[in-house]
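Chemist: Sharing a structure here in structure tokens format.
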Protein chains: 2
Amino acid sequence: MNSKAGNHGHHISQQFNAELEAIKKRMLEMGGAVEQQLSDAMVSITSADSGLGARVMKEDDAIDELEVSIDEECSLILARRQPAASDLRLVLAIIKTVRDLERIGDESSKIARMAVKLSEEGEFPEGFVEFKHLGDRVSNMVNMALDAFARYDAEEALKVAQTDREVDREYGSAMRSMITYMMEDQRSISRILNLLWALRALERIGDHAKNIAEHVIYLVKGTDVRHEKLEDVAEQIVDE
Amino acid sequence: MNSKAGNHGHHISQQFNAELEAIKKRMLEMGGAVEQQLSDAMVSITSADSGLGARVMKEDDAIDELEVSIDEECSLILARRQPAASDLRLVLAIIKTVRDLERIGDESSKIARMAVKLSEEGEFPEGFVEFKHLGDRVSNMVNMALDAFARYDAEEALKVAQTDREVDREYGSAMRSMITYMMEDQRSISRILNLLWALRALERIGDHAKNIAEHVIYLVKGTDVRHEKLEDVAEQIVDE
């Protein structure tokens with residue numbers, strides 16, 4: 001990647017590559033921690049486990065710290081190493097991805113907060129099936145996006161972006177069910193609203209997973225595909 | 001800022017500063033466009049103007065293109081100029097801010113979509129007062145954050161971050177009113193839910209304005225204040 005000539009240059013280049021790999025590894029570890037947060041948040045809802053919910057909310061601080069620290073390391077690398085081409089794209093993709101990961105942590109924390117509220121209400125609400133279903137989908141997207149980053153796999157990343165459409169559809173249909181529940185039983189309104197916010201958080205997490213996938217495509221292909229039609233992106237990726 | 005020695009170096013440095021100023025100007029212009037989108041989206045709700053709502057949704061594409069193009073320019077500057085210290089912080093702050101601006105545009109577009117839906121329902125819903133009130137607050141935050149960026153004013157930026165707390169409180173109280181409305185009149189549920197999403201979008205916009213303010217503090221003070229207690233940040237800013 002880094003193309004300095006000579007033995008000394010070669011040494012610097014090796015060191016630099018090691019630095020880049022290390023920061024990417026830290027980002028993927030942060031990704032693993034965020035995946036755990038999301039999974040715990042989901043369980044806290046479906047098992048009405050307010051203790052677990054409280055723990056998820058508390059651990060969000062650690063995720064926030066990881067974001068700041070990785071972001072700082074990336075700025076240092078930019079300042080000291082002045083990377084170009086694919087190295088620069090890697091550092092920028094990491095900066096953007098840690099921000100999405102931090103937001104996924106935030107949304108997980110919101111889901112956990114809803115779990116605490118729901119468990120206070122003490123009743124098993126409608127909509128858990130819809131929640132579990134959407135949650136599994138979205139968790140899978142996050143996992144695939146991180147996996148695509150780890151392996152620089154633009155095709156896998158494209159699949160994540162495509163899944164986001166289905167998630168949006170499923171989210172819409174879950175919403176309609178919730179509204180029906182609310183209309184059928186007025187006393188359930190505030191309880192079901194809590195679940196509605198949790199569903200909304202899942203949908204946001206899907207968006208962030210899609211963002212990460214787009215950072216991967218930018219990193220691998222060198223083109224910014226945000227806001228482009230998925231069909232056009234697919235063509236670009238397959239063409240090569 | 002750029003500290004290359006000699007006449008040639010001085011020339012490069014002047015050119016570079018001009019480039020930085022130009023990209024900052026483009027970011028602020030994007031900010032102005034986003035402020036207009038937010039303002040139009042709010043009017044589309046309170047005047048039940050579905051035509052204006054549709055226009056806001058359509059113009060979101062132009063905002064998206066601005067984000068991609070400014071982001072690309074920043075990457076080019078990083079690759080070609082390899083800035084350090086405050087120049088580097090400026091470029092990174094711009095990259096992050098355009099992303100927040102794009103999200104504000106997105107949320108404005110969501111508000112506009114709710115306006116279109118609400119005008120289909122054909123009735124003047126409860127909650128417009130709460131919406132207008134919160135919307136004015138949040139618009140003001142966006143304006144102040146951009147202004148703080150333009151003038152590198154960390155104290156102004158801190159005020160924005162502080163306002164976000166009040167917005168969160170007002171959002172909570174608006175939410176409770178909406179839930180009461182829904183409980184009082186079951187037939188209003190789906191209509192009021194639309195307004196609920198619009199309120200939620202405003203609250204998010206407040207978060208993004210706060211993010212921008214934090215980028216300004218990072219830019220001016222060189223420290224990352226995200227996730228820090230506002231009291232501590234205030235102390236840091238006043239100390240100097």
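Numbering starts fresh at 1 for the residues of each chain in the structure tokens, the chains themselves are lettered A, B, ... in the order given, and ligands are numbered from 1 as they appear.
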Give me the residues near Glu170 in chain A as an MDAnalysis selection string, where near means some atom within 10 Å (using only C-alpha atoms) and where sequence neighbours in that chain fewer than 3 positions away do not count.

Modeler: chainID A and resid 130 133:134 137 164:167 173:176 203

Chemist: Write out as JSON lines the residues of chain A that have any atom within 6 Å of an atom of chain B, one row each with the nearest atom pair and its distance in Å to one decimal, counting only C-alpha atoms, sorted by chain and then rising number.

Modeler:
{"residue": "A:Ala79", "atom": "CA", "partner": "B:Ala84", "partner_atom": "CA", "distance": 5.1}
{"residue": "A:Gln82", "atom": "CA", "partner": "B:Gln82", "partner_atom": "CA", "distance": 5.5}
{"residue": "A:Ala84", "atom": "CA", "partner": "B:Ala79", "partner_atom": "CA", "distance": 5.2}

Chemist: Any idea what's packed within 8 Å of Ile205 in chain A, counting only C-alpha atoms, ignoring anything in its chain fewer than 5 positions away? Could you give it as a list of chain:residue names?

Modeler: A:Arg103, A:Ile104, A:Glu107, A:Val138, A:Val142

Chemist: Restricted to N, CA, C and O atoms, what would the selected residues look like written as a CSV table (one decimal), in the first residue's frame?

Modeler:
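See again.csv below for the written result:
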chain,number,residue,atom,x,y,z
A,103,ARG,N,-23.5,5.1,17.1
A,103,ARG,CA,-24.9,5.3,17.0
A,103,ARG,C,-25.7,4.0,17.2
A,103,ARG,O,-26.8,4.0,17.8
A,104,ILE,N,-25.2,2.9,16.7
A,104,ILE,CA,-25.9,1.6,16.9
A,104,ILE,C,-25.9,1.3,18.4
A,104,ILE,O,-26.9,0.9,19.0
A,107,GLU,N,-28.6,3.5,19.9
A,107,GLU,CA,-30.0,3.0,19.7
A,107,GLU,C,-30.2,1.7,20.5
A,107,GLU,O,-31.4,1.5,21.0
A,138,VAL,N,-32.0,-7.2,11.6
A,138,VAL,CA,-31.1,-6.0,11.7
A,138,VAL,C,-29.7,-6.5,12.3
A,138,VAL,O,-28.7,-6.0,11.9
A,142,VAL,N,-25.9,-5.9,10.7
A,142,VAL,CA,-24.7,-5.4,11.4
A,142,VAL,C,-23.6,-6.4,11.3
A,142,VAL,O,-22.4,-6.0,10.9

Chemist: Using CA of Arg151 in chain A and CA of Gln37 in chain A as the two end points, give the distance in Å to one decimal.

Modeler: 22.9 Å

Chemist: As JSON, numbers by chain, list the residues of range 119-227 of chain A assigned to alpha helix (DSSP H) by DSSP on the backbone atoms of this structure.

Modeler: {"A": [119, 120, 121, 128, 129, 130, 131, 132, 133, 134, 135, 136, 137, 138, 139, 140, 141, 142, 143, 144, 145, 146, 147, 148, 149, 150, 154, 155, 156, 157, 158, 159, 160, 161, 162, 163, 164, 165, 166, 167, 168, 169, 170, 171, 172, 173, 174, 175, 176, 177, 178, 179, 180, 181, 182, 183, 184, 189, 190, 191, 192, 193, 194, 195, 196, 197, 198, 199, 200, 201, 202, 203, 204, 205, 206, 207, 208, 209, 210, 211, 212, 213, 214, 215, 216, 217, 218, 219, 220, 221]}

Chemist: Using only C-alpha atoms, can you tell me which of B:Glu121, B:Ala150, B:Val129, B:Gly105 comes closest to Ile23 in chain B?

Modeler: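 Checking each candidate against Ile23 in chain B, we get B:Ala150 as the closest.
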
Chemist: What's the 9 Å shell around Ala41 in chain A, counting only C-alpha atoms, without same-chain residues fewer than 4 positions away, as a list of chain:residue names?

Modeler: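 Counting only the stated atoms, we get A:Gln36, A:Gln37, A:Ile45, A:Thr46, A:Leu52, A:Gly53, A:Val56, A:Met57, A:Ser108, A:Ser109, A:Lys110, A:Ile111, A:Ala112, A:Arg113, A:Ala115.
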
Chemist: Store the residues picked out above in a file with all heavy atoms, as a short mmCIF file (atom, residue, chain, number, x, y, z; two decimals), in the first residue's frame.

Modeler:
data_model
loop_
_atom_site.label_atom_id
_atom_site.label_comp_id
_atom_site.auth_asym_id
_atom_site.auth_seq_id
_atom_site.Cartn_x
_atom_site.Cartn_y
_atom_site.Cartn_z
N GLN A 36 -22.85 -7.13 20.74
CA GLN A 36 -23.27 -7.70 22.02
C GLN A 36 -24.31 -6.80 22.69
O GLN A 36 -25.30 -7.29 23.23
CB GLN A 36 -22.03 -7.87 22.93
CG GLN A 36 -22.30 -8.64 24.21
CD GLN A 36 -22.81 -10.05 23.94
OE1 GLN A 36 -22.23 -10.78 23.14
NE2 GLN A 36 -23.92 -10.43 24.56
N GLN A 37 -24.08 -5.50 22.63
CA GLN A 37 -25.04 -4.55 23.22
C GLN A 37 -26.42 -4.71 22.57
O GLN A 37 -27.44 -4.75 23.26
CB GLN A 37 -24.57 -3.10 22.98
CG GLN A 37 -23.41 -2.65 23.83
CD GLN A 37 -23.88 -2.28 25.22
OE1 GLN A 37 -23.93 -3.13 26.09
NE2 GLN A 37 -24.24 -1.01 25.44
N ILE A 45 -35.72 -6.77 26.08
CA ILE A 45 -37.13 -6.53 25.71
C ILE A 45 -37.93 -7.84 25.76
O ILE A 45 -38.93 -7.94 26.46
CB ILE A 45 -37.24 -5.96 24.27
CG1 ILE A 45 -36.70 -4.53 24.18
CG2 ILE A 45 -38.69 -6.04 23.77
CD1 ILE A 45 -37.73 -3.43 24.24
N THR A 46 -37.45 -8.84 25.03
CA THR A 46 -38.28 -10.04 24.86
C THR A 46 -38.37 -10.86 26.16
O THR A 46 -39.31 -11.62 26.33
CB THR A 46 -37.75 -10.94 23.72
OG1 THR A 46 -36.36 -11.17 23.93
CG2 THR A 46 -37.92 -10.23 22.38
N LEU A 52 -31.01 -6.52 32.93
CA LEU A 52 -30.17 -6.56 31.73
C LEU A 52 -30.27 -5.24 30.97
O LEU A 52 -29.26 -4.70 30.50
CB LEU A 52 -30.61 -7.73 30.83
CG LEU A 52 -29.79 -7.96 29.55
CD1 LEU A 52 -28.33 -8.23 29.88
CD2 LEU A 52 -30.37 -9.13 28.74
N GLY A 53 -31.48 -4.70 30.89
CA GLY A 53 -31.68 -3.41 30.22
C GLY A 53 -30.82 -2.32 30.85
O GLY A 53 -30.16 -1.55 30.17
N VAL A 56 -27.17 -2.72 29.87
CA VAL A 56 -26.90 -2.26 28.51
C VAL A 56 -26.74 -0.73 28.50
O VAL A 56 -25.81 -0.19 27.89
CB VAL A 56 -28.03 -2.67 27.53
CG1 VAL A 56 -27.86 -1.99 26.19
CG2 VAL A 56 -28.05 -4.19 27.36
N MET A 57 -27.66 -0.04 29.20
CA MET A 57 -27.59 1.42 29.22
C MET A 57 -26.29 1.90 29.84
O MET A 57 -25.69 2.87 29.39
CB MET A 57 -28.79 1.98 30.00
CG MET A 57 -30.10 1.83 29.24
SD MET A 57 -31.55 2.10 30.28
CE MET A 57 -31.44 3.87 30.53
N SER A 108 -29.21 0.92 20.70
CA SER A 108 -29.37 -0.27 21.56
C SER A 108 -29.71 0.17 22.97
O SER A 108 -30.54 -0.44 23.65
CB SER A 108 -28.09 -1.10 21.57
OG SER A 108 -27.75 -1.51 20.27
N SER A 109 -29.06 1.24 23.38
CA SER A 109 -29.30 1.77 24.72
C SER A 109 -30.75 2.26 24.84
O SER A 109 -31.40 2.08 25.88
CB SER A 109 -28.30 2.89 24.97
OG SER A 109 -28.45 3.44 26.22
N LYS A 110 -31.26 2.86 23.76
CA LYS A 110 -32.67 3.30 23.78
C LYS A 110 -33.61 2.10 23.87
O LYS A 110 -34.62 2.15 24.58
CB LYS A 110 -32.99 4.09 22.50
CG LYS A 110 -32.50 5.52 22.58
CD LYS A 110 -32.79 6.28 21.29
CE LYS A 110 -31.90 7.52 21.24
NZ LYS A 110 -31.90 8.14 19.91
N ILE A 111 -33.28 1.04 23.14
CA ILE A 111 -34.10 -0.18 23.22
C ILE A 111 -34.11 -0.70 24.65
O ILE A 111 -35.15 -1.06 25.20
CB ILE A 111 -33.55 -1.26 22.25
CG1 ILE A 111 -33.76 -0.81 20.79
CG2 ILE A 111 -34.23 -2.61 22.50
CD1 ILE A 111 -33.08 -1.70 19.76
N ALA A 112 -32.93 -0.69 25.27
CA ALA A 112 -32.82 -1.18 26.65
C ALA A 112 -33.67 -0.31 27.59
O ALA A 112 -34.29 -0.82 28.53
CB ALA A 112 -31.36 -1.18 27.09
N ARG A 113 -33.70 1.00 27.32
CA ARG A 113 -34.51 1.89 28.16
C ARG A 113 -35.99 1.55 28.04
O ARG A 113 -36.73 1.54 29.02
CB ARG A 113 -34.26 3.35 27.76
CG ARG A 113 -34.94 4.36 28.66
CD ARG A 113 -34.11 5.64 28.79
NE ARG A 113 -33.76 6.16 27.47
CZ ARG A 113 -34.43 7.12 26.83
NH1 ARG A 113 -35.46 7.68 27.40
NH2 ARG A 113 -34.04 7.55 25.65
N ALA A 115 -37.08 -1.38 27.39
CA ALA A 115 -37.26 -2.65 28.11
C ALA A 115 -37.50 -2.38 29.59
O ALA A 115 -38.37 -3.00 30.21
CB ALA A 115 -36.02 -3.53 27.93
#

Chemist: Could you tell me how far CA of Phe131 in chain A sits from CA of Tyr181 in chain A, in Å to one decimal place?

Modeler: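 Pair CA of Tyr181 in chain A / CA of Phe131 in chain A returns 14.1 Å.
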
Chemist: Please provide the set of residues having any atom within 12 Å of Val220 in chain A, restricted to only C-alpha atoms, with same-chain residues fewer than 6 positions apart removed, written as a PyMOL selection string.

Modeler: chain A and resi 85-90+93+148-158+213-214+236-237+240
